[in-house]
Amino acid sequence: MVKFPKPGFSTIMLGVGLVFLYLPMFILVFYSFNASRLVTVWAGFSAHWYVELFKDQQLLNAIWTSLKIAFYSASMAVCIGTLAAFVMTRFSRFRGRTTLSSMITAPLVMPEVITGLSLLLLFVHMAQIIGWPQDRGVATIWIAHTTFCSAYVAVVVSSRLREVDLSIEEAALDLGATPFKTFFLITLPMIAPALAAGWLLAFTLSLDDLVIASFVSGPGATTLPMVVFSSVRLGVSPKINALATLIILTVSLAAFIAWYLMRKAEEKRKQQLP
């Protein structure tokens, strides 16, 4: 008889952690195919709620609004965060550097309630002084999300910039390249993985934000987390389970495609080695 080794403490804890993390997701996916309106009562297999999900125009509009805001916020956060990262890493000797670094990274530890309230007061005073924004909507949510997402991008990009070999940039400058050309041909390709990681992180944070968006949004702009939260307060709808299942499927598919492309690139790199 084959005797299997007894699992150690670390293996047991790993299994418990994985079950704790992923079991609720499997239950959610399972009940998204429930025919009953009650999410805790199984009444048979059905894809009815997926059909109802695509008929819910309010939910579809909220999804489109959230995706649009997340895309614009992540793109702007990458631009601002990259500039801030360059200032923190390449200009290390100037007065006020510590204060600037603290101000850039402050949104990382600032409670979202404080951030949302401060931005709300800012928009209200701006409307009184310069007349803009007259109504809070997509633009104000975009500005608010860009504000706190830029801090995350700055941290990610600055960590990569500290690892870049400056001698490569100096060699390009010595050979006659302008600083502008050196940045786009030398520096930018080296920090491209950090830019992609920062963009994805900012996109996820913006798409998932509820607290700050609740402060700075108006009647004409409702994000997906706000719709989900309001619907859950009245009782969990099976359509929310269907929506969550589609989000899990999309994220899993994107992660698999990224893993596959990275594996192919690694195999190609190994084949090119002597």
# chains A, B, ... in the order shown; residues from 1 in each chain; ligands from 1

call {"tool": "residues_around", "arguments": {"residues": "A:Gly198", "least_positions_apart": "5", "cutoff": "8 Å", "atoms": "only C-alpha atoms", "output": "CSV table (one decimal) with N, CA and C atoms, in the first residue's frame"}}
result
chain,number,residue,atom,x,y,z
A,78,VAL,N,-1.1,57.6,-15.3
A,78,VAL,CA,0.2,57.1,-15.8
A,78,VAL,C,1.1,58.3,-16.2
A,152,TYR,N,-0.3,55.8,-6.8
A,152,TYR,CA,0.0,54.4,-6.9
A,152,TYR,C,1.0,54.2,-8.1
A,153,VAL,N,0.7,54.9,-9.2
A,153,VAL,CA,1.5,54.8,-10.4
A,153,VAL,C,2.9,55.4,-10.1
A,156,VAL,N,5.0,52.8,-8.2
A,156,VAL,CA,5.4,51.6,-9.1
A,156,VAL,C,6.5,52.1,-10.1
A,157,VAL,N,6.3,53.2,-10.7
A,157,VAL,CA,7.3,53.7,-11.7
A,157,VAL,C,8.6,54.1,-11.0

call {"tool": "select_by_dssp", "arguments": {"residues": "stretch 16-181 of chain A", "states": "helix (DSSP H, G or I)", "output": "MDAnalysis selection string"}}
result
chainID A and resid 16:31 48:55 57:90 97:109 112:129 138:161 166:174 179:181

call {"tool": "residues_around", "arguments": {"residues": "A:Asn241", "least_positions_apart": "6", "cutoff": "12 Å", "atoms": "only C-alpha atoms", "output": "ChimeraX atom specification"}}
result
/A:24-34,37-40,47-50,52-53,228,231-232,247-248

call {"tool": "residues_around", "arguments": {"residues": "A:Phe203", "least_positions_apart": "5", "cutoff": "8 Å", "atoms": "only C-alpha atoms", "output": "list of chain:residue names"}}
result
A:Ala70, A:Phe71, A:Ser73, A:Ala74

call {"tool": "write_last_selection", "arguments": {"atoms": "C-alpha atoms", "output": "mmCIF file, in the first residue's frame"}}
result
data_model
loop_
_atom_site.group_PDB
_atom_site.id
_atom_site.type_symbol
_atom_site.label_atom_id
_atom_site.label_comp_id
_atom_site.auth_asym_id
_atom_site.auth_seq_id
_atom_site.Cartn_x
_atom_site.Cartn_y
_atom_site.Cartn_z
ATOM 1 C CA ALA A 70 -11.362 53.931 -15.440
ATOM 2 C CA PHE A 71 -9.686 54.142 -18.860
ATOM 3 C CA SER A 73 -8.238 57.962 -15.126
ATOM 4 C CA ALA A 74 -5.610 55.250 -15.634
#

call {"tool": "residues_around", "arguments": {"residues": "stretch 206-221 of chain A", "least_positions_apart": "5", "cutoff": "8 Å", "atoms": "only C-alpha atoms", "output": "PDB file with C-alpha atoms, in the first residue's frame"}}
result
ATOM      1  CA  ALA A  62     -23.195  52.085 -15.275  1.00  0.00           C
ATOM      2  CA  THR A  65     -19.532  54.778 -17.434  1.00  0.00           C
ATOM      3  CA  SER A  66     -17.183  52.928 -15.080  1.00  0.00           C
ATOM      4  CA  LEU A  67     -15.085  51.536 -17.934  1.00  0.00           C
ATOM      5  CA  ILE A  69     -13.832  56.691 -16.323  1.00  0.00           C
ATOM      6  CA  ALA A  70     -11.362  53.931 -15.440  1.00  0.00           C
ATOM      7  CA  SER A  73      -8.238  57.962 -15.126  1.00  0.00           C
ATOM      8  CA  ALA A  74      -5.610  55.250 -15.634  1.00  0.00           C
ATOM      9  CA  GLU A 112     -11.051  57.487   1.194  1.00  0.00           C
ATOM     10  CA  VAL A 113     -13.728  59.323   3.160  1.00  0.00           C
ATOM     11  CA  THR A 115     -10.195  62.256   0.172  1.00  0.00           C
ATOM     12  CA  GLY A 116     -13.739  62.204  -1.169  1.00  0.00           C
ATOM     13  CA  LEU A 117     -14.943  64.911   1.219  1.00  0.00           C
ATOM     14  CA  LEU A 119     -12.506  66.823  -3.285  1.00  0.00           C
ATOM     15  CA  LEU A 120     -16.221  67.510  -2.882  1.00  0.00           C
ATOM     16  CA  ASP A 135     -22.813  69.856 -12.185  1.00  0.00           C
ATOM     17  CA  ARG A 136     -20.795  66.988 -10.777  1.00  0.00           C
ATOM     18  CA  GLY A 137     -20.535  64.058 -13.154  1.00  0.00           C
ATOM     19  CA  VAL A 138     -18.044  62.070 -15.222  1.00  0.00           C
ATOM     20  CA  THR A 140     -15.366  65.285 -11.506  1.00  0.00           C
ATOM     21  CA  ILE A 141     -15.119  61.521 -10.960  1.00  0.00           C
ATOM     22  CA  ALA A 144     -10.910  62.512  -8.358  1.00  0.00           C
ATOM     23  CA  HIS A 145      -9.812  59.061  -9.528  1.00  0.00           C
ATOM     24  CA  CYS A 149      -4.430  56.728  -8.762  1.00  0.00           C
ATOM     25  CA  MET A 226     -22.641  52.590  -6.843  1.00  0.00           C
TER      26      MET A 226
END

call {"tool": "atom_distance", "arguments": {"atom1": "atom CA of A:His125", "atom2": "atom CA of A:Ser150"}}
result
23.1 Å

call {"tool": "closest_residue", "arguments": {"among": "A:Leu273, A:Ala77, A:Val19, A:Leu60", "to": "A:Ile104", "atoms": "only C-alpha atoms"}}
result
A:Ala77

call {"tool": "residues_around", "arguments": {"residues": "A:Ala151", "least_positions_apart": "5", "cutoff": "9 Å", "atoms": "only C-alpha atoms", "output": "ChimeraX atom specification"}}
result
/A:77,80-81,84,104-108,146,156

call {"tool": "residues_around", "arguments": {"residues": "A:Met88", "least_positions_apart": "3", "cutoff": "8 Å", "atoms": "only C-alpha atoms", "output": "number ranges by chain"}}
result
A: 84-85, 91-92, 97, 101, 158

call {"tool": "write_last_selection", "arguments": {"atoms": "N, CA and C atoms", "output": "PDB file, in the first residue's frame"}}
result
ATOM      1  N   ALA A  84       5.895  62.501 -11.781  1.00  0.00           N
ATOM      2  CA  ALA A  84       6.223  62.575 -10.354  1.00  0.00           C
ATOM      3  C   ALA A  84       7.345  61.603  -9.991  1.00  0.00           C
ATOM      4  N   ALA A  85       7.327  60.416 -10.579  1.00  0.00           N
ATOM      5  CA  ALA A  85       8.377  59.438 -10.304  1.00  0.00           C
ATOM      6  C   ALA A  85       9.732  59.945 -10.795  1.00  0.00           C
ATOM      7  N   PHE A  91      15.752  63.872  -9.752  1.00  0.00           N
ATOM      8  CA  PHE A  91      16.093  65.178  -9.191  1.00  0.00           C
ATOM      9  C   PHE A  91      16.099  65.033  -7.675  1.00  0.00           C
ATOM     10  N   SER A  92      17.156  64.401  -7.191  1.00  0.00           N
ATOM     11  CA  SER A  92      17.218  64.058  -5.770  1.00  0.00           C
ATOM     12  C   SER A  92      17.713  65.205  -4.901  1.00  0.00           C
ATOM     13  N   ARG A  97      12.202  68.416  -1.536  1.00  0.00           N
ATOM     14  CA  ARG A  97      12.002  67.098  -2.131  1.00  0.00           C
ATOM     15  C   ARG A  97      11.227  66.180  -1.194  1.00  0.00           C
ATOM     16  N   SER A 101       7.637  64.486  -2.032  1.00  0.00           N
ATOM     17  CA  SER A 101       7.441  63.035  -2.008  1.00  0.00           C
ATOM     18  C   SER A 101       6.325  62.644  -1.047  1.00  0.00           C
ATOM     19  N   SER A 158       8.518  54.725  -9.898  1.00  0.00           N
ATOM     20  CA  SER A 158       9.752  55.159  -9.234  1.00  0.00           C
ATOM     21  C   SER A 158      10.598  53.969  -8.788  1.00  0.00           C
TER      22      SER A 158
END

call {"tool": "atom_distance", "arguments": {"atom1": "atom CA of A:Thr89", "atom2": "atom CA of A:Ala196"}}
result
19.0 Å

call {"tool": "closest_residue", "arguments": {"among": "A:Lys68, A:Leu243, A:Ile191, A:Arg162", "to": "A:Trp142", "atoms": "only C-alpha atoms"}}
result
A:Lys68

call {"tool": "closest_residue", "arguments": {"among": "A:Leu188, A:Ile114, A:Ala194, A:Ala202", "to": "A:Met76", "atoms": "only C-alpha atoms"}}
result
A:Ala202

call {"tool": "atom_distance", "arguments": {"atom1": "atom CA of A:Ala172", "atom2": "atom CA of A:Gln271"}}
result
29.1 Å

call {"tool": "closest_residue", "arguments": {"among": "A:Phe86, A:Pro225, A:Lys55, A:Leu249", "to": "A:Phe183", "atoms": "only C-alpha atoms"}}
result
A:Phe86
